[in-house]
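Below is one structure, written out as C-alpha cells, with a few remarks after it.
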Amino acid sequence: MLFSKFLLQAVPSLLPLLALVTAKQYKYIIPGADLLDEDGVLIQAHGGQIVRDGSKFYWFGEDHSPGGTHFTGISCYSSNDLYNWKNEGHAFSPVPGTQLASDQVGERPKVVYSPEIDKWVMYIHADNTSYGLHLQAMALADKVKGPYALQAIYNPLGQASQDMGLFLDDDGSAYSLYGSGGNNDITILTPDFTNQSRIVFQFSGTNLEAPGMLHSKGLYYHFFSEKTGYRPNDAQYFTASAISGPWSARKQLTPSGTFTYESQNTFDLKIAGTKNTTFIFMGDRWDQDELSDSRYMWQPLVLDEETGAAEIVWHDVWTVDVETGEVGFPQGVEYEAQAGTLSGGATVVACGGCSEGLLVTNITQSSSVTVSGVLGQNKPQWIALYYVNPDDQLINGLQRLANVSVNGGAPVILKQRTTAVNVTMSIPFEAYLEKGAVNNITVTGTSAGPAADFDRLVVYPYTL
Ligand SMILES: *[C@@H]1O[C@H](CO)[C@@H](O)[C@H](O)[C@H]1NC(C)=O
Ligand SMILES: *[C@@H]1O[C@H](CO)[C@@H](O)[C@H](O)[C@H]1NC(C)=O
Ligand SMILES: *[C@@H]1O[C@H](CO)[C@@H](O)[C@H](O)[C@H]1NC(C)=O
Ligand SMILES: *[C@@H]1O[C@H](CO)[C@@H](O)[C@H](O)[C@H]1NC(C)=O
Ligand SMILES: *[C@@H]1O[C@H](CO)[C@@H](O)[C@H](O)[C@H]1NC(C)=O
Ligand SMILES: *[C@@H]1O[C@H](CO)[C@@H](O)[C@H](O)[C@H]1NC(C)=O
Ligand SMILES: *[C@@H]1O[C@H](CO)[C@@H](O)[C@H](O)[C@H]1NC(C)=O
C-alpha cells in the first residue's frame, strides 16, 4: 500500500484519536485493487462465489493467506453493499484423513441454499496435489456462514470433475458445471441439491476451465476460460435458450490482448433490484508467483439477449446499488503521461490504442515521469494508472512493476500485468491527495526492470 492505514482513514476531525483505527470504507467496486476487509487485511476468497441471504451477501472462496497449508480452508466474508467485507472466518476447514485434508487440494467452493432440507449446501473441487482424482466434495450447514460439515467426496455420476461451478436457475433448480475428462458437463442436482441426478448437456471435447452461468430474459450464458491453469486468457462463452441446449458456437467475451482484463471467471452474480437486474462477472486475477496477492476483477456484464452477445466494458471504478440493481460509473479526471516532466531516458512515442495516441516508454529505475498539477480533495482518492505492457508472459513473466510516489511520499509498487502492443489496461491505487491542483505523481521503474509504458492517470473523486 502506498500510505499507512492511518493516512487512508476518512475520519471526521472531531472524533477522538481512537477512531483512527476504524476500518476504511469503500464506496466503489475497484477491479484489480488490493482489497482489504474491515480489519484492514487483504481479502482471501479466491475461486469463489457470492450468495445472498436476506439483505446480506456472503462471499466464499479459497484462503491463500501467506503461511497457510496447501488447503487452508474456505473463507467466508459478509457485506451489505458488495464494497465492504467483514471476515466471518472459515466456513469449511480441512478434514484430516480425507481428500480435503490440509495437504490436499480444495478449490472453487460453491454454495446454494436447499429449501427442501432447509440447509446450505457447499460443493468443493477436492483433489490430490497432482490433480489426479477429480472429486467433488459436498458439505452441509444450518447457517449460511457455516461451519459446513463434510458429507461425501465422490466422482459425480462416476465421472471426473475438475474446475467446478454451480448455477441456481430462476425456477429453483440447481446445476453443477464441471470439466470432465476433456468435456464440459452440466448436471442437474437432485431436488434437495445434495447429489447429482443426470447430465443435461455435455460439451464434447471442449476441455475448458472456470465454468459459470447466468440466465437473463430467457437466454442462458455459459462462461469459461481456456485451459491454461493460472495463466489468464480470453474468456469464452456459449448461449442457449434452454440449459439442455442446443448451445451456440463459441464466442470471445473481451477484446484480444486483454486476456479478460487479466482474469478468469469464477462466478456470475445476479443482482435483481427494484429498477434493474445487473449481472456481475466475478473474475480471479491469479498471481501464480504470489497466490495470496491474487486480485479480484469484477465488472458488470453487458448483455444483448436479441443477438446473444455478452461483453465486459472496462471501468476503473464503478458502483452498484444492491437494492435497485442499478450500476453507476463515476467520472474521473485524466492526466496524460506525455504532459508530465520526463527525466533520464523516458521518451514519448506513438501508441495506437492510447489516449491522444501517445505514451511514455523507457521508464527505468534511473528515468521517471512526473505528472503535476493533479487536482485533489484533501482525501484518499482512487487513481487508475493506464499502461501498455507488450511483454510475452511466458518469456518475461506475469507483469512489470511500476514504482509510484505521490508528493515525494513512500513509493508503492504496482503490478502491471501484460497487455499487447497498443492495448492499454489500468491498475488502481489509492493515494492521499492534497487539496487543489497541486499534487505531483512520479512513476519510475524498479530494480527488477523498467515499468510498463505509461499512457495516463485517471483520478476519481472521493465520495462520502
Ligand atoms: C493422485 O491420484 C492419482 C490417481 O490415483 C495418482 O496417480 C497420483 O499419483 C496421485 N498424486 C499424488 C501426489 O498423490
Ligand atoms: C449420489 O447418487 C448416486 C446414485 O446416482 C449414489 O450412488 C451415491 O451414493 C449418492 N451419493 C450421495 C452422497 O448420496
Ligand atoms: C441495467 O442492467 C443492464 C444489464 O444488466 C446494464 O447494461 C445497464 O447498464 C443497467 N443500467 C443501470 C442504470 O443500472
Ligand atoms: C532508456 O533510458 C536509459 C536511461 O534510463 C538510457 O540510457 C537509454 O538510452 C534509453 N533508451 C532509449 C531507447 O531511449
Ligand atoms: C501501434 O500504434 C502505432 C501508432 O499508431 C502504429 O504505428 C503501429 O502500427 C501499431 N502497432 C500495432 C501492432 O498495432
Ligand atoms: C509539486 O511540485 C511542485 C514543483 O516542484 C512543488 O512546488 C509543489 O509543492 C509540489 N506539490 C506538493 C503537494 O508537494
Ligand atoms: C522505488 O523508488 C524508490 C525511490 O526512488 C527507491 O528507493 C526504491 O528502491 C524503489 N523500489 C524498487 C523496488 O525498486
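Within each chain, counting starts at residue 1; across the C-alpha cells, chains are named A, B, ... in the order shown, with ligands numbered 1 upward in that order.
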
Per DSSP on the backbone, filter stretch 89-309 of chain A down to the residues in strand (DSSP E) and report them as JSON, numbers by chain.
{"A": [89, 90, 91, 92, 105, 106, 107, 108, 109, 110, 111, 112, 113, 114, 119, 120, 121, 122, 123, 124, 125, 126, 127, 135, 136, 137, 138, 139, 140, 141, 149, 150, 151, 152, 153, 154, 164, 165, 166, 167, 168, 174, 175, 176, 177, 178, 179, 180, 183, 184, 185, 186, 187, 188, 189, 196, 197, 198, 199, 200, 201, 202, 203, 209, 210, 211, 212, 213, 214, 215, 216, 219, 220, 221, 222, 223, 224, 225, 236, 237, 238, 239, 240, 251, 252, 264, 265, 266, 267, 268, 269, 270, 271, 272, 277, 278, 279, 280, 281, 282, 283, 284, 285, 295, 296, 297, 298, 299, 300, 301, 302, 303, 304, 309]}

Environment of ligand 6 within 10 Å, counting only C-alpha atoms and all ligand atoms, reported as number ranges by chain
A: 370-376, 406-409, 433-441

Requested write-out: N, CA and C atoms of the selected residues, as a PDB file, in the first residue's frame:
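result-v3.pdb written:
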ATOM      1  N   THR A 370       6.985  12.627 -14.101  1.00  0.00           N
ATOM      2  CA  THR A 370       6.235  13.244 -13.003  1.00  0.00           C
ATOM      3  C   THR A 370       5.060  14.021 -13.582  1.00  0.00           C
ATOM      4  N   VAL A 371       3.862  13.585 -13.198  1.00  0.00           N
ATOM      5  CA  VAL A 371       2.641  14.277 -13.620  1.00  0.00           C
ATOM      6  C   VAL A 371       2.314  15.276 -12.517  1.00  0.00           C
ATOM      7  N   SER A 372       2.204  16.565 -12.891  1.00  0.00           N
ATOM      8  CA  SER A 372       1.996  17.619 -11.887  1.00  0.00           C
ATOM      9  C   SER A 372       0.625  18.262 -12.046  1.00  0.00           C
ATOM     10  N   GLY A 373       0.262  19.039 -11.046  1.00  0.00           N
ATOM     11  CA  GLY A 373      -0.996  19.781 -11.113  1.00  0.00           C
ATOM     12  C   GLY A 373      -2.214  18.891 -10.957  1.00  0.00           C
ATOM     13  N   VAL A 374      -2.020  17.736 -10.301  1.00  0.00           N
ATOM     14  CA  VAL A 374      -3.149  16.815 -10.134  1.00  0.00           C
ATOM     15  C   VAL A 374      -4.079  17.350  -9.045  1.00  0.00           C
ATOM     16  N   LEU A 375      -5.344  17.476  -9.418  1.00  0.00           N
ATOM     17  CA  LEU A 375      -6.350  18.056  -8.527  1.00  0.00           C
ATOM     18  C   LEU A 375      -6.758  17.057  -7.451  1.00  0.00           C
ATOM     19  N   GLY A 376      -6.662  17.498  -6.189  1.00  0.00           N
ATOM     20  CA  GLY A 376      -7.029  16.623  -5.074  1.00  0.00           C
ATOM     21  C   GLY A 376      -8.078  17.255  -4.188  1.00  0.00           C
ATOM     22  N   VAL A 406       3.659   9.622  -4.597  1.00  0.00           N
ATOM     23  CA  VAL A 406       2.789  10.803  -4.642  1.00  0.00           C
ATOM     24  C   VAL A 406       3.361  11.857  -3.708  1.00  0.00           C
ATOM     25  N   ASN A 407       3.629  13.031  -4.236  1.00  0.00           N
ATOM     26  CA  ASN A 407       4.186  14.153  -3.462  1.00  0.00           C
ATOM     27  C   ASN A 407       5.417  13.741  -2.666  1.00  0.00           C
ATOM     28  N   GLY A 408       6.261  12.920  -3.294  1.00  0.00           N
ATOM     29  CA  GLY A 408       7.517  12.523  -2.662  1.00  0.00           C
ATOM     30  C   GLY A 408       7.348  11.529  -1.522  1.00  0.00           C
ATOM     31  N   GLY A 409       6.149  10.990  -1.355  1.00  0.00           N
ATOM     32  CA  GLY A 409       5.889  10.042  -0.261  1.00  0.00           C
ATOM     33  C   GLY A 409       6.442   8.657  -0.549  1.00  0.00           C
ATOM     34  N   LEU A 433      -4.472  12.743  -1.605  1.00  0.00           N
ATOM     35  CA  LEU A 433      -4.121  13.897  -2.435  1.00  0.00           C
ATOM     36  C   LEU A 433      -4.447  15.186  -1.679  1.00  0.00           C
ATOM     37  N   GLU A 434      -3.531  16.133  -1.777  1.00  0.00           N
ATOM     38  CA  GLU A 434      -3.768  17.427  -1.128  1.00  0.00           C
ATOM     39  C   GLU A 434      -4.814  18.216  -1.901  1.00  0.00           C
ATOM     40  N   LYS A 435      -5.390  19.212  -1.216  1.00  0.00           N
ATOM     41  CA  LYS A 435      -6.464  19.990  -1.819  1.00  0.00           C
ATOM     42  C   LYS A 435      -5.930  20.913  -2.905  1.00  0.00           C
ATOM     43  N   GLY A 436      -6.588  20.936  -4.035  1.00  0.00           N
ATOM     44  CA  GLY A 436      -6.205  21.831  -5.123  1.00  0.00           C
ATOM     45  C   GLY A 436      -5.385  21.131  -6.190  1.00  0.00           C
ATOM     46  N   ALA A 437      -5.065  21.854  -7.251  1.00  0.00           N
ATOM     47  CA  ALA A 437      -4.319  21.291  -8.386  1.00  0.00           C
ATOM     48  C   ALA A 437      -2.824  21.373  -8.100  1.00  0.00           C
ATOM     49  N   VAL A 438      -2.396  20.685  -7.040  1.00  0.00           N
ATOM     50  CA  VAL A 438      -1.030  20.852  -6.527  1.00  0.00           C
ATOM     51  C   VAL A 438      -0.239  19.562  -6.426  1.00  0.00           C
ATOM     52  N   ASN A 439      -0.874  18.429  -6.742  1.00  0.00           N
ATOM     53  CA  ASN A 439      -0.223  17.145  -6.450  1.00  0.00           C
ATOM     54  C   ASN A 439       0.689  16.682  -7.584  1.00  0.00           C
ATOM     55  N   ASN A 440       1.799  16.035  -7.189  1.00  0.00           N
ATOM     56  CA  ASN A 440       2.778  15.502  -8.140  1.00  0.00           C
ATOM     57  C   ASN A 440       2.835  13.984  -8.002  1.00  0.00           C
ATOM     58  N   ILE A 441       2.696  13.286  -9.114  1.00  0.00           N
ATOM     59  CA  ILE A 441       2.746  11.816  -9.079  1.00  0.00           C
ATOM     60  C   ILE A 441       3.885  11.361  -9.982  1.00  0.00           C
TER      61      ILE A 441
END

Write out as a tab-separated table a residue-level contact list of chain A versus ligand 2 with cut-off 9 Å: for each qualifying residue the closest pair of atoms and the distance in Å to one decimal, counting only C-alpha atoms and all ligand atoms, rows sorted by chain and residue number upward.
residue	atom	partner	partner_atom_place_in_ligand_line	distance
A:Ala137	CA	ligand 2	13 (C)	8.9
A:Met138	CA	ligand 2	13 (C)	7.5
A:Gln151	CA	ligand 2	13 (C)	6.8
A:Ala152	CA	ligand 2	13 (C)	5.0
A:Ile153	CA	ligand 2	13 (C)	7.3
A:Tyr154	CA	ligand 2	13 (C)	7.3
A:Pro156	CA	ligand 2	1 (C)	7.4
A:Leu157	CA	ligand 2	5 (O)	6.0
A:Gly158	CA	ligand 2	7 (O)	8.5
A:Thr190	CA	ligand 2	2 (O)	8.6
A:Thr194	CA	ligand 2	14 (O)	6.8
A:Asn195	CA	ligand 2	1 (C)	5.0
A:Gln196	CA	ligand 2	1 (C)	6.2
A:Ser197	CA	ligand 2	5 (O)	6.2
A:Arg198	CA	ligand 2	5 (O)	7.9

Output as a Markdown table one row per residue of chain A within 8 Å of ligand 7: the closest atom pair and its distance in Å to one decimal place, counting only C-alpha atoms and all ligand atoms, sorted by chain and residue number ascending.
| residue | atom | partner | partner_atom_place_in_ligand_line | distance |
| --- | --- | --- | --- | --- |
| A:Gln365 | CA | ligand 7 | 14 (O) | 6.7 |
| A:Asn403 | CA | ligand 7 | 1 (C) | 4.9 |
| A:Val404 | CA | ligand 7 | 1 (C) | 7.1 |
| A:Ser405 | CA | ligand 7 | 2 (O) | 7.6 |
| A:Ala410 | CA | ligand 7 | 3 (C) | 7.6 |
| A:Pro411 | CA | ligand 7 | 1 (C) | 5.6 |
| A:Val412 | CA | ligand 7 | 1 (C) | 7.4 |
| A:Ile413 | CA | ligand 7 | 13 (C) | 6.8 |
| A:Thr444 | CA | ligand 7 | 2 (O) | 6.8 |
| A:Gly445 | CA | ligand 7 | 14 (O) | 6.5 |
| A:Thr446 | CA | ligand 7 | 14 (O) | 3.3 |
| A:Ser447 | CA | ligand 7 | 14 (O) | 4.2 |
| A:Ala448 | CA | ligand 7 | 14 (O) | 6.7 |

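With a cut-off of 9 Å and using only C-alpha atoms and all ligand atoms, the polymer residues contacting ligand 5 are Val349, Ala350, Cys351, Gly352, Gly353, Cys354, Gly357, Leu358, Ala420, Val421, Asn422 and Val423 of chain A.
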
Let me see the file: selected residues, all heavy atoms, as a short mmCIF file (atom, residue, chain, number, x, y, z; two decimals), in the first residue's frame.
data_model
loop_
_atom_site.label_atom_id
_atom_site.label_comp_id
_atom_site.auth_asym_id
_atom_site.auth_seq_id
_atom_site.Cartn_x
_atom_site.Cartn_y
_atom_site.Cartn_z
N VAL A 349 6.44 8.22 -27.33
CA VAL A 349 6.30 7.56 -28.64
C VAL A 349 4.83 7.37 -28.97
O VAL A 349 3.97 7.48 -28.11
CB VAL A 349 7.03 6.18 -28.67
CG1 VAL A 349 8.54 6.34 -28.55
CG2 VAL A 349 6.49 5.25 -27.61
N ALA A 350 4.56 7.07 -30.26
CA ALA A 350 3.18 6.87 -30.71
C ALA A 350 2.64 5.53 -30.19
O ALA A 350 3.37 4.57 -30.03
CB ALA A 350 3.14 6.88 -32.24
N CYS A 351 1.34 5.53 -29.92
CA CYS A 351 0.67 4.31 -29.46
C CYS A 351 -0.76 4.35 -29.97
O CYS A 351 -1.54 5.23 -29.56
CB CYS A 351 0.70 4.23 -27.94
SG CYS A 351 -0.52 3.10 -27.25
N GLY A 352 -1.09 3.43 -30.86
CA GLY A 352 -2.41 3.42 -31.49
C GLY A 352 -3.57 3.43 -30.51
O GLY A 352 -4.50 4.19 -30.65
N GLY A 353 -3.50 2.61 -29.46
CA GLY A 353 -4.64 2.48 -28.55
C GLY A 353 -4.64 3.42 -27.37
O GLY A 353 -5.48 3.32 -26.50
N CYS A 354 -3.68 4.36 -27.33
CA CYS A 354 -3.54 5.23 -26.15
C CYS A 354 -4.33 6.52 -26.33
O CYS A 354 -4.60 6.94 -27.45
CB CYS A 354 -2.08 5.58 -25.92
SG CYS A 354 -1.08 4.14 -25.46
N GLY A 357 -3.04 9.20 -28.58
CA GLY A 357 -2.14 8.47 -29.47
C GLY A 357 -0.69 8.43 -29.03
O GLY A 357 0.20 8.13 -29.83
N LEU A 358 -0.44 8.74 -27.74
CA LEU A 358 0.94 8.80 -27.26
C LEU A 358 1.08 8.10 -25.91
O LEU A 358 0.13 8.04 -25.12
CB LEU A 358 1.37 10.27 -27.08
CG LEU A 358 1.40 11.14 -28.34
CD1 LEU A 358 1.60 12.61 -27.93
CD2 LEU A 358 2.52 10.69 -29.28
N ALA A 420 -0.89 -5.97 -24.72
CA ALA A 420 -0.34 -6.24 -26.04
C ALA A 420 0.05 -4.89 -26.62
O ALA A 420 -0.33 -3.85 -26.08
CB ALA A 420 -1.38 -6.93 -26.93
N VAL A 421 0.78 -4.89 -27.72
CA VAL A 421 1.15 -3.64 -28.38
C VAL A 421 -0.12 -2.81 -28.62
O VAL A 421 -1.12 -3.34 -29.11
CB VAL A 421 1.86 -3.92 -29.73
CG1 VAL A 421 2.14 -2.63 -30.49
CG2 VAL A 421 3.13 -4.70 -29.48
N ASN A 422 -0.09 -1.55 -28.21
CA ASN A 422 -1.19 -0.59 -28.42
C ASN A 422 -2.46 -0.92 -27.63
O ASN A 422 -3.50 -0.34 -27.89
CB ASN A 422 -1.56 -0.47 -29.91
CG ASN A 422 -0.45 0.19 -30.72
OD1 ASN A 422 0.40 0.87 -30.16
ND2 ASN A 422 -0.46 0.00 -32.02
N VAL A 423 -2.39 -1.87 -26.69
CA VAL A 423 -3.56 -2.19 -25.86
C VAL A 423 -3.28 -1.70 -24.43
O VAL A 423 -2.31 -2.13 -23.81
CB VAL A 423 -3.85 -3.70 -25.86
CG1 VAL A 423 -4.99 -4.03 -24.90
CG2 VAL A 423 -4.19 -4.17 -27.27
#

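For the choices A:Asp392, A:Asp321, A:Asp170, A:Asp163, the atom-to-atom distance to A:Glu226 is smallest for A:Asp163 when using only C-alpha atoms.
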
Spatial neighbours of A:Val112, max dist 9 Å, only C-alpha atoms, sep filter under 2 positions, as a ChimeraX atom specification:
/A:51,110,114,119-123,144,166-168,174,193

Under the rule that only C-alpha atoms are counted, which of A:Tyr175, A:Ala339, A:Gly308, A:Lys275 is the nearest residue to A:Phe238?
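Smallest distance to A:Phe238 is found for A:Gly308.
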
Backbone DSSP call of alpha helix (DSSP H) for stretch 242-271 of chain A, listed as a PyMOL selection string
chain A and resi 259-262

Do you have the atom CA of A:Gly40-atom CA of A:Gly89 distance handy?
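That distance, rounded to one decimal, is 14.5 Å.
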
Find the residues of chain A that sit at most 6 Å from ligand 4; for each, write down the nearest two atoms and how far apart they are in Å, to one decimal. Count only C-alpha atoms and all ligand atoms. Sort by chain, then by number going up, and give it as a tab-separated table.
residue	atom	partner	partner_atom_place_in_ligand_line	distance
A:Gly344	CA	ligand 4	5 (O)	4.9
A:Gly345	CA	ligand 4	2 (O)	3.2
A:Ala346	CA	ligand 4	2 (O)	5.8
A:Asn362	CA	ligand 4	1 (C)	4.9
A:Thr364	CA	ligand 4	5 (O)	5.2
A:Ser366	CA	ligand 4	5 (O)	4.6
A:Ser367	CA	ligand 4	5 (O)	4.6

Pick out the residues no farther than 8 Å from ligand 3, counting only C-alpha atoms and all ligand atoms, and list them as a list of chain:residue names.
A:Lys275, A:Asn276, A:Thr277, A:Thr278, A:Phe279, A:Pro300, A:Leu301, A:Val302, A:Leu303, A:Val320, A:Gly325, A:Glu326, A:Val327, A:Gly328

Using the selection just defined, write its residues with N, CA and C atoms as a PDB file, in the first residue's frame.
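Saved the output as selection_17.pdb:
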ATOM      1  N   LYS A 275     -35.181  -1.723  -9.783  1.00  0.00           N
ATOM      2  CA  LYS A 275     -35.214  -0.986 -11.049  1.00  0.00           C
ATOM      3  C   LYS A 275     -34.470  -1.649 -12.186  1.00  0.00           C
ATOM      4  N   ASN A 276     -33.532  -2.527 -11.846  1.00  0.00           N
ATOM      5  CA  ASN A 276     -32.724  -3.138 -12.907  1.00  0.00           C
ATOM      6  C   ASN A 276     -32.175  -4.461 -12.401  1.00  0.00           C
ATOM      7  N   THR A 277     -31.852  -5.315 -13.333  1.00  0.00           N
ATOM      8  CA  THR A 277     -31.142  -6.537 -12.972  1.00  0.00           C
ATOM      9  C   THR A 277     -29.762  -6.468 -13.592  1.00  0.00           C
ATOM     10  N   THR A 278     -28.756  -6.532 -12.724  1.00  0.00           N
ATOM     11  CA  THR A 278     -27.377  -6.436 -13.164  1.00  0.00           C
ATOM     12  C   THR A 278     -26.692  -7.774 -12.922  1.00  0.00           C
ATOM     13  N   PHE A 279     -25.842  -8.187 -13.868  1.00  0.00           N
ATOM     14  CA  PHE A 279     -25.051  -9.398 -13.689  1.00  0.00           C
ATOM     15  C   PHE A 279     -23.588  -8.995 -13.574  1.00  0.00           C
ATOM     16  N   PRO A 300     -19.553  -5.299 -14.410  1.00  0.00           N
ATOM     17  CA  PRO A 300     -20.916  -5.626 -14.828  1.00  0.00           C
ATOM     18  C   PRO A 300     -20.884  -6.152 -16.273  1.00  0.00           C
ATOM     19  N   LEU A 301     -21.695  -7.165 -16.541  1.00  0.00           N
ATOM     20  CA  LEU A 301     -21.765  -7.695 -17.903  1.00  0.00           C
ATOM     21  C   LEU A 301     -22.770  -6.892 -18.710  1.00  0.00           C
ATOM     22  N   VAL A 302     -22.441  -6.649 -19.954  1.00  0.00           N
ATOM     23  CA  VAL A 302     -23.381  -6.011 -20.878  1.00  0.00           C
ATOM     24  C   VAL A 302     -23.922  -7.118 -21.776  1.00  0.00           C
ATOM     25  N   LEU A 303     -25.241  -7.332 -21.688  1.00  0.00           N
ATOM     26  CA  LEU A 303     -25.857  -8.465 -22.397  1.00  0.00           C
ATOM     27  C   LEU A 303     -26.844  -7.961 -23.433  1.00  0.00           C
ATOM     28  N   VAL A 320     -22.663  -0.206  -7.662  1.00  0.00           N
ATOM     29  CA  VAL A 320     -23.880  -0.979  -7.874  1.00  0.00           C
ATOM     30  C   VAL A 320     -24.742  -0.774  -6.638  1.00  0.00           C
ATOM     31  N   GLY A 325     -30.490  -2.382  -8.062  1.00  0.00           N
ATOM     32  CA  GLY A 325     -29.831  -3.144  -9.119  1.00  0.00           C
ATOM     33  C   GLY A 325     -29.146  -2.268 -10.153  1.00  0.00           C
ATOM     34  N   GLU A 326     -29.144  -0.962  -9.902  1.00  0.00           N
ATOM     35  CA  GLU A 326     -28.549  -0.056 -10.893  1.00  0.00           C
ATOM     36  C   GLU A 326     -27.041   0.079 -10.697  1.00  0.00           C
ATOM     37  N   VAL A 327     -26.367   0.244 -11.821  1.00  0.00           N
ATOM     38  CA  VAL A 327     -24.923   0.456 -11.780  1.00  0.00           C
ATOM     39  C   VAL A 327     -24.608   1.910 -12.115  1.00  0.00           C
ATOM     40  N   GLY A 328     -23.464   2.387 -11.660  1.00  0.00           N
ATOM     41  CA  GLY A 328     -23.049   3.756 -11.936  1.00  0.00           C
ATOM     42  C   GLY A 328     -21.561   3.799 -12.243  1.00  0.00           C
TER      43      GLY A 328
END

Separation of atom CA of A:Leu253 from atom CA of A:Tyr386, in Å and rounded to one decimal
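Straight-line distance from atom CA of A:Leu253 to atom CA of A:Tyr386 works out to 21.2 Å.
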